[in-house]
Amino acid sequence: MSSARPIPPHFRKPLLETPFHERARELQQHDHFVAWAGYSTVDVFTTVEQEYFAVRNATTLYDLTPMVKYRVTGPEAERYLNRLVTRDVRKLKVGRVSYVVWCNDSGHIIDDGTVFRLGPQDFRICTAERQLDWFSDSAIGFDVAIDEVTSDIAALSVQGPTSCFVLKRFGLDGVERLRPFELGEFTVGGRPLLASRTGFTGDLGYELWMRPEHALSVWDELMTAGSTRGIRPIGSQALNMARIEAGFLLPNVDFVSAEHTVRVGRDRTPLELGLGWLVDFEKPHFNGRRALLAQHAQGVRRLLVGLDVAGNKPAHNALLYAEEAGEREVGSVTSAMWSPTCKRNIALAIIDAPHYRVGATVWADIYLNRELVWERRMAAARVVERPFFAPERRRATPPADR
Amino acid sequence: MSTVAGWDAIIVGAGHNGLVCAATLARAGRRVLVLEAGDAVGGCAVTREFAPGFRVSAGAQLLHQMPAELVEELRLATHGLEFAATALPTTALAAGGEPLAIGDPGALARRSAADARAWPLYDARLKRFARLLYGLLAAPAPRLGTGAWSDTFALGRLGLRLRLLGRRDMREFLRIVGMNAYDLVSDEFESDALRGALSLDAVLGTNFGPRAPGTVLTLLYRLAAESAAGPRALAQPKGGMGALTAALARAATAAGAVIRTMAPVTRISVSEDRAAGVVLGSGEEIAARSVISNADAKTTFLTLLGAEYLDTGFVRRVDHFRSRGVTAKLHLALDRLPAFGVGAPAALGGRLLIAPSADYVERAWNHSKYGEWSASPAFEITVPTVNDPALAPAGRHVLSATVQYAPYAPQRGWEAERQPFLAALLGVLEAHAPGLQSSLLATQLLTPADLEREFRVHGGHWHHGDLAFDQFYMVRPVPGAAQHATPVAGLYLCGASCHPGGGVMGIAGRNAARRVLAEVSR
Amino acid sequence: MSAASHRRHDVIVVGAGHNGLVAACYMARAGLDVLVLERNDYIGGAAVSRKLYQDFTYSNCSYVCSLLRPEIMRTLELPRFGLQIIPYEGGCTMMRDGGHLALYDNHDALRREIARHSPRDAEAYHRFSRDIIRQCKFIKPLLMREPPDPTSFKPRDLTELLYLGQRLNNVGEERMYDTIRFWTMSAADFLDEYFESEIVKAHFSGSSIIGTALGPRSPGSAYVLLHHYMGDIDETVGAWGFARGGMGAVTAALTASLQASGGAVRTAAPVEQVLIRNGRARGVVLASGEEIEAGTVVSNMDVKRTFLKAVAPEHLPEDFLTAVRRFKIRGSSGKLNIALDGLPSFPALPAGAPCVRGDMHITDTIEMMERAYDDWKEGRWSAAPYVDMLIPSQIDPTMAPDGKHYMSVFVQYCPYQLADGPWTDAKRQAFGATVIDAIARHSPDFKSLIRHAEIRTPWDIENEVGLTEGNIFQGELTMDQLLFNRPVPGYAQYRTPVKGLYLSGSSTHPGGGVMGAPGANAARRVLADLGRGGTR
């Protein structure tokens, strides 16, 4: 069983390259790559601003291949997943996608991801982090097979107001009929493609799933198809701005997986992260249910909320206080930015009860580096509803062409 | 008072703990149904015919751990429990040499004057420690960190008991309790026979050799239960161990419990996240307010209940509960008494050990680590027909032996290994009782795999799972199910998987019943 | 008997091992007049750099550094006195079938490497590291504290017990159970809870047997595994490194630090007896007969050597003596120090892989290691030993002439007493040959590169270094000999039945490894007893 496969020179080149890597190397202008889930990926191609505005105004390509992908098959695949995640997978129809989280015994989140139902007994889960250890142990007692297929599938996120138009021109006939969280199978130039109307931008957008050998030709044809609609590749920084506006959570930024926490009290439950809508207490037993029921009954002691921060200085990593004097610490900011589209200074923050209720005001302790001198600002921050930005076009079916 | 018809409790499995639990609940007025898969009650405490006319205690062979107070409480004597012999002696056999009567000062002095001097001190000290440990065995394990008054009280009482030992004893207890038996007996004694016999007592029924740290705990465990069993201690029920469970069954029935045999439970049903009853192999469904499983933890959670009602972390822990037995059982039908050369007939009717040294026992374990059986195994032998001739045809005899070590899954499989292992066992016996092989009428060897099948115990482990610090007390069988209650409301464990573990003790059954009585109103 | 020495010292420390020197440094810094006496003609005990062959430097006892407490290095200013610790690069385990598992510092490379053997194990590794770090975080603060006496009603002991209880309580119910299990499990069972691949389990179980007379299947060996993870280099938990210049650099820096504080070390001054008058230690008598007086004597020798050799039995309660005799201090490790003409090749390892600059092991399975332990139980050295080898000269240029290499080979198991009679030179050579053959099976040019090999059995280590039975930890790290049980229940707080006589060696809490914590804790106890500053 050991040493069966050939040894790649991973000690010299630890990071893998995605099937789109060649294009990324050609197009990104900083000669800088960042690690993501074991792959070499781009954080900025040209400038963050250009890329961000393309998400909100045109069409963007984002290489999603490093998303960890598992295929879950077998007669008990549905029961297995239903016990694994907090949503009711029985309600997920073939050809649909669902955003889910999964928890450990104490109801703390291990990770979030999307479940694709490809067939009655055939699912795919996409996650930010590797989950084989947890997924395999969760399979004890279930007739189910779990295979990691990350490197078997190249994935490209096509997001932005003109993305439907670009995809149609590329050859995805009928893609405009896909509703949010719906899957469609297409063949373009002999290449089978799976498209899902999903994304991490909160805008109109699709994700394409294809064979690795088709990756470069699909990329090139999309770039051509979108040339009149301002298509451009984006890196993770622009995507991060879009997802904060959309109010989406990023593992290891807004929460730490309960499988990774070393210190006591750093785990978060879906209820604490404001993801209570993903927890279905009516369905059969799932991991963490009993603990979450108890927390649901007691109410959460802290909650992840949106903040509208006074001024225009992003509240990166700010500690939050109950009063301007900064005496009682009540939480901290997990993500923050100036939103170019909303023209608001927004943040995601975890805040103790009772300060987390919508409308409450807390004070953010912001540190500013001004020509190498650090200055401190106490900025009022109001708890607001998420998402910060939710255009109608993200849901419209069929979407407009521009 | 509920008006819903049906059972208050269903007990899955009529082993001794299940029966004690049933009797205790029934005596408290609960409507109890015991469902047993086999054709007779008893679990591992049964008497079975293994050859025409020859009967033997097929699992446990002696009664030495059931607290006297429990025997009293359930009035087992009234329900027909009689003893063929009590206070049985233990003798360490020596092939071709002089056997050593354990605990006999004169005999020990002939071996070693130093050992004879050390023995009374050692014996008294270990018995003091055993009494302390019994306090811990008898009560349910507390939980840590709950802040609950009862848990704090239980932990406090434990600390107080320790303190009450006095400084000297307390220090010695805290030192040796985590030690290995090999070092303990080697420090105390110089006689190989004594070291060997004590080492074997420390590891009987465990998947460890005497050099394994933690085996002093298992030695004390045995002594602790014996201390509570009272002066009768090592006792042989008349009619075999089946007579004990028959009496327990009568006690339960007399109190109103109903026992059904040939009624295998295949599933524990769950409704609204609560155990709701059971489904039998026949498809019959029976509802109850509580389901109490006398089956082992793995069988209960992974087979009867199903992982889908449990969380992954819990299932992971249950899956890692170490439950592979390494103890085999050997039954021989003999046409005459075996010539073990122990002199007095009382000795022949007692416990006979083949464990000539601590190293011998340790070497015997070595093999089982690698999926092999011991070429020179250790034995705990009884000849029950000495005290209870009715177990065999007139003039004939039964030899019953617990043998270590036999792996659960030998590398070549038991199909291939059974005969060679049996031959090795008979060879060792022949060396200690010349002529034994020529008196052989029938043999039965129950490997751990056989015991698993015969007694429906996962891994064929008589404790359901290794007794070791990491599977003991508040982490037995796993955190989250260590106080009889389980993550699924209304489902309880009452068998040897629970604290305090296996051995025909009955404490787990009684404590489970008490827990149910406290938690589930009628 | 010769005349008494010229002056009376405040403290005499017996043995210039690292713990003795650490204790001496702390006491000297508190203003005491401290003299360290060393029987060998060189300083360092088991932390030495020896030139036994040409210009090669051997760390011929302890060979890697990680456990040395950073707070000790900082307080005693060891970097200023020349100590530099350089991390080494991962490691590997080589299997008999030519396969290998390497450990790389880069976590993506590591994941891919483990995934070659089991994709699942590659991911379970995170859970494994997390749990190890959780346990380390729990235990580490206990290292630099005196264990409480659970039988005592003194406020200090009760407070300390409460502290322990609260620490445990603070981690929450579930982790408390994890801790209880972790402290009592076997390494094999512990690793089974994470990994499926035999080689992965074998690799990580290595540290559960190093220096101990336990097998990977012995309960308690998981704790030994943890003990080896308790070190860190600059916050990198479990990282290991070399002391630049060999392990002697540690004790050299300590000596310099001591001298800067006014303390002194005298070598070639073997202590024969602790001088005791009216039930109080008054100094020592050297083998030469010379008497040196001191108000306090701190023995850095192990507990057996101290009380069975250097203290007359009439000064000790019988119970205490019995407990000392029963203290388990077992030789189970051998050591080869080899001077090499060049870097040996290991064809199984990919060319250029950095793992040759880390610790390399030879084993296939936990079973192989357990069988190696079975040999030890029978009084034989392991036929297929567990080998932990390093070539520090690849990283530390001071260890060997340019282009040449020094290899340190730690061997588990090797008994102190052989079943077939005492150690002889022929047996020592045969033991060495067993180890060299085992390495040569993985390195075809290894034998031809050997220019000199020092072969050390536990018997040799006892005779040269003074560690009873050659046990590297001055006593087994089993539950009956940890915390308040170490070395003797009731005497776990560095004091002994003889007033003014203290222990500072690894026989005391928290045990062995080049950690320094016992020495630091002992010094604090002495200073507190002398009214020179408190102790925690």
# chains A, B, ... in the order shown; residues from 1 in each chain; ligands from 1
$ interface_residues --of "chain B" --to "chain C" --cutoff "10 Å" --atoms "only C-alpha atoms" --output "PyMOL selection string"
chain B and resi 143-147+159+162-180+183-184+186-188+208-209+211-215+316-317+319-322+359+362-363+366-367+369-370+468-472+474-475+478-480
$ residues_around --residues "Gly44 in chain C" --least-positions-apart "2" --cutoff "8 Å" --atoms "only C-alpha atoms" --output "PyMOL selection string"
chain C and resi 16-18+42+46-48+248+251-252
$ interface_residues --of "chain A" --to "chain B" --cutoff "6 Å" --atoms "only C-alpha atoms" --output "ChimeraX atom specification"
/A:105,138,141,285,287
$ interface_residues --of "chain A" --to "chain C" --cutoff "12 Å" --atoms "only C-alpha atoms" --output "JSON, numbers by chain"
{"A": [1, 2, 3, 4, 5, 6, 7, 8, 9, 10, 11, 12, 13, 14, 15, 16, 35, 36, 37, 38, 39, 40, 105, 106, 110, 129, 130, 131, 132, 133, 134, 135, 136, 137, 146, 147, 148, 149, 257, 258, 259, 260, 261, 262, 263, 264, 265, 266]}
$ closest_residue --among "A:Lys313, A:His355, A:Arg71, A:Arg83" --to "Ala379 in chain A" --atoms "only C-alpha atoms"
A:Lys313
$ residues_around --residues "range 387-402 of chain C" --least-positions-apart "2" --cutoff "8 Å" --atoms "only C-alpha atoms" --output "list in words"
Asp55, Phe56, Thr57, Tyr58, Tyr88, Phe242, Arg244, Gly245, Gly246, Val356, Arg357, Gly358, Asp359, Met360, His361, Ile362, Thr363, Pro385, Lys404, His405, Tyr406, Met407, Ser408, Val409, Phe410, Val411, Gln412 and Val435 of chain C
$ select_by_dssp --residues "range 371-438 of chain B" --states "alpha helix (DSSP H)" --output "PyMOL selection string"
chain B and resi 414-432
$ residues_around --residues "Gly29 in chain B" --least-positions-apart "2" --cutoff "8 Å" --atoms "only C-alpha atoms" --output "compact mmCIF listing (two decimals) with C-alpha atoms, in the first residue's frame"
# COMPACT_ATOMS: atom_id res chain seq x y z
CA LEU B 25 -36.47 -2.03 38.21
CA ALA B 26 -39.23 -4.55 38.70
CA ARG B 27 -38.81 -4.42 42.44
CA ARG B 31 -43.02 -2.91 34.10
CA ALA B 255 -40.83 -9.02 41.07
CA GLY B 256 -42.98 -8.88 37.96
$ select_by_dssp --residues "range 173-303 of chain A" --states "strand (DSSP E)" --output "PyMOL selection string"
chain A and resi 183-188+191-196+205-210+232-233+302-303
$ write_last_selection --atoms "N, CA and C atoms" --output "tab-separated table (two decimals), in the first residue's frame"
chain	number	residue	atom	x	y	z
A	183	LEU	N	-28.34	23.52	-11.43
A	183	LEU	CA	-27.23	22.96	-12.22
A	183	LEU	C	-27.69	22.72	-13.65
A	184	GLY	N	-26.78	22.86	-14.59
A	184	GLY	CA	-27.11	22.49	-15.96
A	184	GLY	C	-25.95	21.79	-16.62
A	185	GLU	N	-26.26	20.78	-17.43
A	185	GLU	CA	-25.20	20.08	-18.15
A	185	GLU	C	-25.18	20.59	-19.58
A	186	PHE	N	-24.01	20.91	-20.07
A	186	PHE	CA	-23.86	21.48	-21.40
A	186	PHE	C	-22.73	20.78	-22.13
A	187	THR	N	-22.76	20.87	-23.44
A	187	THR	CA	-21.61	20.43	-24.22
A	187	THR	C	-21.27	21.56	-25.19
A	188	VAL	N	-20.06	22.01	-25.12
A	188	VAL	CA	-19.63	23.11	-25.99
A	188	VAL	C	-18.42	22.63	-26.77
A	191	ARG	N	-16.98	19.49	-25.60
A	191	ARG	CA	-16.50	19.44	-24.21
A	191	ARG	C	-17.68	19.47	-23.25
A	192	PRO	N	-17.82	18.40	-22.46
A	192	PRO	CA	-18.91	18.42	-21.47
A	192	PRO	C	-18.58	19.41	-20.36
A	193	LEU	N	-19.59	20.21	-20.00
A	193	LEU	CA	-19.41	21.21	-18.95
A	193	LEU	C	-20.60	21.15	-18.01
A	194	LEU	N	-20.32	21.29	-16.76
A	194	LEU	CA	-21.40	21.41	-15.79
A	194	LEU	C	-21.39	22.87	-15.33
A	195	ALA	N	-22.56	23.50	-15.38
A	195	ALA	CA	-22.63	24.88	-14.92
A	195	ALA	C	-23.60	24.97	-13.76
A	196	SER	N	-23.22	25.70	-12.76
A	196	SER	CA	-24.13	25.91	-11.63
A	196	SER	C	-24.28	27.40	-11.43
A	205	GLY	N	-23.96	35.32	-11.36
A	205	GLY	CA	-22.75	34.58	-11.66
A	205	GLY	C	-22.98	33.08	-11.74
A	206	TYR	N	-22.00	32.43	-12.32
A	206	TYR	CA	-22.07	30.99	-12.56
A	206	TYR	C	-20.72	30.37	-12.23
A	207	GLU	N	-20.76	29.07	-12.00
A	207	GLU	CA	-19.50	28.34	-11.83
A	207	GLU	C	-19.50	27.20	-12.83
A	208	LEU	N	-18.36	27.06	-13.52
A	208	LEU	CA	-18.25	26.02	-14.55
A	208	LEU	C	-17.32	24.92	-14.06
A	209	TRP	N	-17.73	23.69	-14.28
A	209	TRP	CA	-16.97	22.53	-13.83
A	209	TRP	C	-16.66	21.68	-15.04
A	210	MET	N	-15.38	21.40	-15.27
A	210	MET	CA	-14.99	20.77	-16.53
A	210	MET	C	-13.82	19.84	-16.32
A	232	ARG	N	-12.46	39.95	-17.53
A	232	ARG	CA	-11.07	39.94	-17.06
A	232	ARG	C	-10.93	38.91	-15.93
A	233	PRO	N	-9.75	38.35	-15.82
A	233	PRO	CA	-9.51	37.43	-14.70
A	233	PRO	C	-9.33	38.23	-13.41
A	302	ARG	N	-23.00	35.16	21.76
A	302	ARG	CA	-22.31	36.07	20.85
A	302	ARG	C	-22.84	35.79	19.45
A	303	LEU	N	-22.69	36.77	18.59
A	303	LEU	CA	-23.27	36.63	17.26
A	303	LEU	C	-22.42	37.36	16.24
$ residues_around --residues "Ala384 in chain C" --least-positions-apart "4" --cutoff "8 Å" --atoms "only C-alpha atoms" --output "PyMOL selection string"
chain C and resi 368+372+434+438
$ residues_around --residues "Gly341 in chain B" --least-positions-apart "5" --cutoff "9 Å" --atoms "only C-alpha atoms" --output "PyMOL selection string"
chain B and resi 93+96+98-99+348+432-433
$ residues_around --residues "Val362 in chain A" --least-positions-apart "5" --cutoff "10 Å" --atoms "only C-alpha atoms" --output "ChimeraX atom specification"
/A:307,309,320-324,326,329-331,351,355-356,378-383
$ write_last_selection --atoms "all heavy atoms" --output "short mmCIF file (atom, residue, chain, number, x, y, z; two decimals), in the first residue's frame"
data_model
loop_
_atom_site.label_atom_id
_atom_site.label_comp_id
_atom_site.auth_asym_id
_atom_site.auth_seq_id
_atom_site.Cartn_x
_atom_site.Cartn_y
_atom_site.Cartn_z
N LEU A 307 -21.63 45.33 10.43
CA LEU A 307 -21.45 46.64 11.08
C LEU A 307 -21.36 47.72 10.01
O LEU A 307 -20.75 47.51 8.96
CB LEU A 307 -20.16 46.67 11.90
CG LEU A 307 -20.09 45.91 13.22
CD1 LEU A 307 -18.73 46.15 13.86
CD2 LEU A 307 -21.21 46.33 14.16
N VAL A 309 -19.69 51.17 9.96
CA VAL A 309 -18.74 51.89 10.80
C VAL A 309 -18.65 53.34 10.34
O VAL A 309 -18.57 53.62 9.14
CB VAL A 309 -17.34 51.22 10.71
CG1 VAL A 309 -16.36 51.89 11.67
CG2 VAL A 309 -17.44 49.73 10.99
N LEU A 320 -13.86 45.71 19.65
CA LEU A 320 -15.09 46.50 19.79
C LEU A 320 -15.39 46.72 21.26
O LEU A 320 -15.20 45.82 22.09
CB LEU A 320 -16.26 45.76 19.13
CG LEU A 320 -16.08 45.51 17.63
CD1 LEU A 320 -17.20 44.63 17.11
CD2 LEU A 320 -16.05 46.83 16.86
N TYR A 321 -15.86 47.92 21.56
CA TYR A 321 -16.17 48.27 22.94
C TYR A 321 -17.61 48.72 23.05
O TYR A 321 -18.23 49.14 22.07
CB TYR A 321 -15.23 49.39 23.42
CG TYR A 321 -13.80 48.91 23.54
CD1 TYR A 321 -12.93 49.02 22.46
CD2 TYR A 321 -13.34 48.32 24.71
CE1 TYR A 321 -11.62 48.56 22.56
CE2 TYR A 321 -12.05 47.85 24.82
CZ TYR A 321 -11.18 47.97 23.74
OH TYR A 321 -9.91 47.51 23.83
N ALA A 322 -18.11 48.65 24.28
CA ALA A 322 -19.50 49.02 24.52
C ALA A 322 -19.66 50.54 24.51
O ALA A 322 -20.73 51.03 24.21
CB ALA A 322 -19.98 48.46 25.85
N GLU A 323 -18.58 51.24 24.83
CA GLU A 323 -18.71 52.69 24.92
C GLU A 323 -17.46 53.34 24.32
O GLU A 323 -16.43 52.69 24.16
CB GLU A 323 -18.93 53.13 26.38
CG GLU A 323 -17.79 52.84 27.33
CD GLU A 323 -17.51 51.36 27.53
OE1 GLU A 323 -18.28 50.69 28.23
OE2 GLU A 323 -16.50 50.88 26.97
N GLU A 324 -17.58 54.60 24.04
CA GLU A 324 -16.49 55.30 23.36
C GLU A 324 -15.22 55.32 24.19
O GLU A 324 -14.10 55.33 23.66
CB GLU A 324 -16.92 56.73 23.00
CG GLU A 324 -15.92 57.41 22.07
CD GLU A 324 -16.40 58.77 21.59
OE1 GLU A 324 -17.47 59.21 22.03
OE2 GLU A 324 -15.70 59.38 20.76
N GLY A 326 -13.95 53.00 25.66
CA GLY A 326 -13.16 51.78 25.43
C GLY A 326 -12.88 51.00 26.69
O GLY A 326 -11.76 50.57 26.92
N GLU A 329 -14.89 45.49 26.67
CA GLU A 329 -14.70 44.87 25.37
C GLU A 329 -15.90 43.98 25.08
O GLU A 329 -16.30 43.18 25.92
CB GLU A 329 -13.43 44.04 25.44
CG GLU A 329 -12.72 43.86 24.14
CD GLU A 329 -11.46 43.04 24.35
OE1 GLU A 329 -10.57 43.52 25.07
OE2 GLU A 329 -11.41 41.92 23.83
N VAL A 330 -16.49 44.13 23.89
CA VAL A 330 -17.69 43.32 23.60
C VAL A 330 -17.54 42.51 22.32
O VAL A 330 -18.49 41.85 21.90
CB VAL A 330 -18.95 44.22 23.50
CG1 VAL A 330 -19.25 44.85 24.85
CG2 VAL A 330 -18.80 45.28 22.42
N GLY A 331 -16.36 42.53 21.69
CA GLY A 331 -16.21 41.70 20.50
C GLY A 331 -15.07 42.18 19.64
O GLY A 331 -14.25 43.00 20.07
N ILE A 351 -19.87 39.69 18.14
CA ILE A 351 -20.20 40.59 19.24
C ILE A 351 -20.98 39.85 20.33
O ILE A 351 -21.83 39.02 20.04
CB ILE A 351 -21.04 41.79 18.72
CG1 ILE A 351 -20.24 42.55 17.66
CG2 ILE A 351 -21.44 42.73 19.86
CD1 ILE A 351 -20.92 43.79 17.16
N HIS A 355 -25.16 43.22 22.83
CA HIS A 355 -24.77 44.30 21.91
C HIS A 355 -24.94 43.92 20.44
O HIS A 355 -24.69 44.74 19.57
CB HIS A 355 -23.32 44.71 22.19
CG HIS A 355 -23.08 45.07 23.62
ND1 HIS A 355 -23.38 46.30 24.12
CD2 HIS A 355 -22.64 44.33 24.67
CE1 HIS A 355 -23.09 46.33 25.43
NE2 HIS A 355 -22.65 45.13 25.78
N TYR A 356 -25.28 42.65 20.17
CA TYR A 356 -25.32 42.23 18.77
C TYR A 356 -26.67 42.51 18.09
O TYR A 356 -26.84 42.22 16.91
CB TYR A 356 -24.93 40.76 18.62
CG TYR A 356 -25.74 39.74 19.41
CD1 TYR A 356 -27.13 39.65 19.26
CD2 TYR A 356 -25.10 38.83 20.25
CE1 TYR A 356 -27.85 38.70 19.96
CE2 TYR A 356 -25.82 37.87 20.95
CZ TYR A 356 -27.19 37.81 20.80
OH TYR A 356 -27.91 36.87 21.48
N MET A 378 -11.57 55.98 17.66
CA MET A 378 -12.74 55.26 18.15
C MET A 378 -13.89 55.62 17.23
O MET A 378 -14.28 56.80 17.17
CB MET A 378 -13.09 55.69 19.58
CG MET A 378 -12.45 54.85 20.64
SD MET A 378 -13.01 53.15 20.61
CE MET A 378 -12.20 52.57 22.08
N ALA A 379 -14.39 54.66 16.47
CA ALA A 379 -15.46 54.95 15.52
C ALA A 379 -16.73 54.25 15.95
O ALA A 379 -16.70 53.06 16.30
CB ALA A 379 -15.05 54.50 14.12
N ALA A 380 -17.83 54.98 15.93
CA ALA A 380 -19.11 54.36 16.25
C ALA A 380 -19.45 53.36 15.15
O ALA A 380 -19.21 53.62 13.96
CB ALA A 380 -20.20 55.41 16.36
N ALA A 381 -19.99 52.22 15.53
CA ALA A 381 -20.34 51.21 14.54
C ALA A 381 -21.72 50.69 14.87
O ALA A 381 -21.99 50.27 16.00
CB ALA A 381 -19.31 50.08 14.56
N ARG A 382 -22.60 50.75 13.89
CA ARG A 382 -23.97 50.34 14.10
C ARG A 382 -24.19 48.93 13.55
O ARG A 382 -23.69 48.58 12.48
CB ARG A 382 -24.91 51.33 13.38
CG ARG A 382 -26.35 51.33 13.86
CD ARG A 382 -27.03 52.65 13.48
NE ARG A 382 -26.65 53.06 12.12
CZ ARG A 382 -27.21 52.58 11.01
NH1 ARG A 382 -28.17 51.70 11.08
NH2 ARG A 382 -26.80 53.00 9.83
N VAL A 383 -24.86 48.11 14.36
CA VAL A 383 -25.15 46.74 13.91
C VAL A 383 -26.26 46.81 12.87
O VAL A 383 -27.32 47.41 13.12
CB VAL A 383 -25.58 45.86 15.10
CG1 VAL A 383 -25.93 44.46 14.62
CG2 VAL A 383 -24.48 45.81 16.15
#
$ closest_residue --among "C:Ala213, C:Met144, C:Ala430, C:Val274" --to "Trp376 in chain C" --atoms "only C-alpha atoms"
C:Ala213
$ atom_distance --atom1 "CA of Ala409 in chain B" --atom2 "CA of Leu305 in chain B"
25.7 Å
$ atom_distance --atom1 "CA of Leu222 in chain A" --atom2 "CA of Arg394 in chain A"
20.3 Å
$ atom_distance --atom1 "CA of Ala114 in chain B" --atom2 "CA of Leu194 in chain B"
12.1 Å
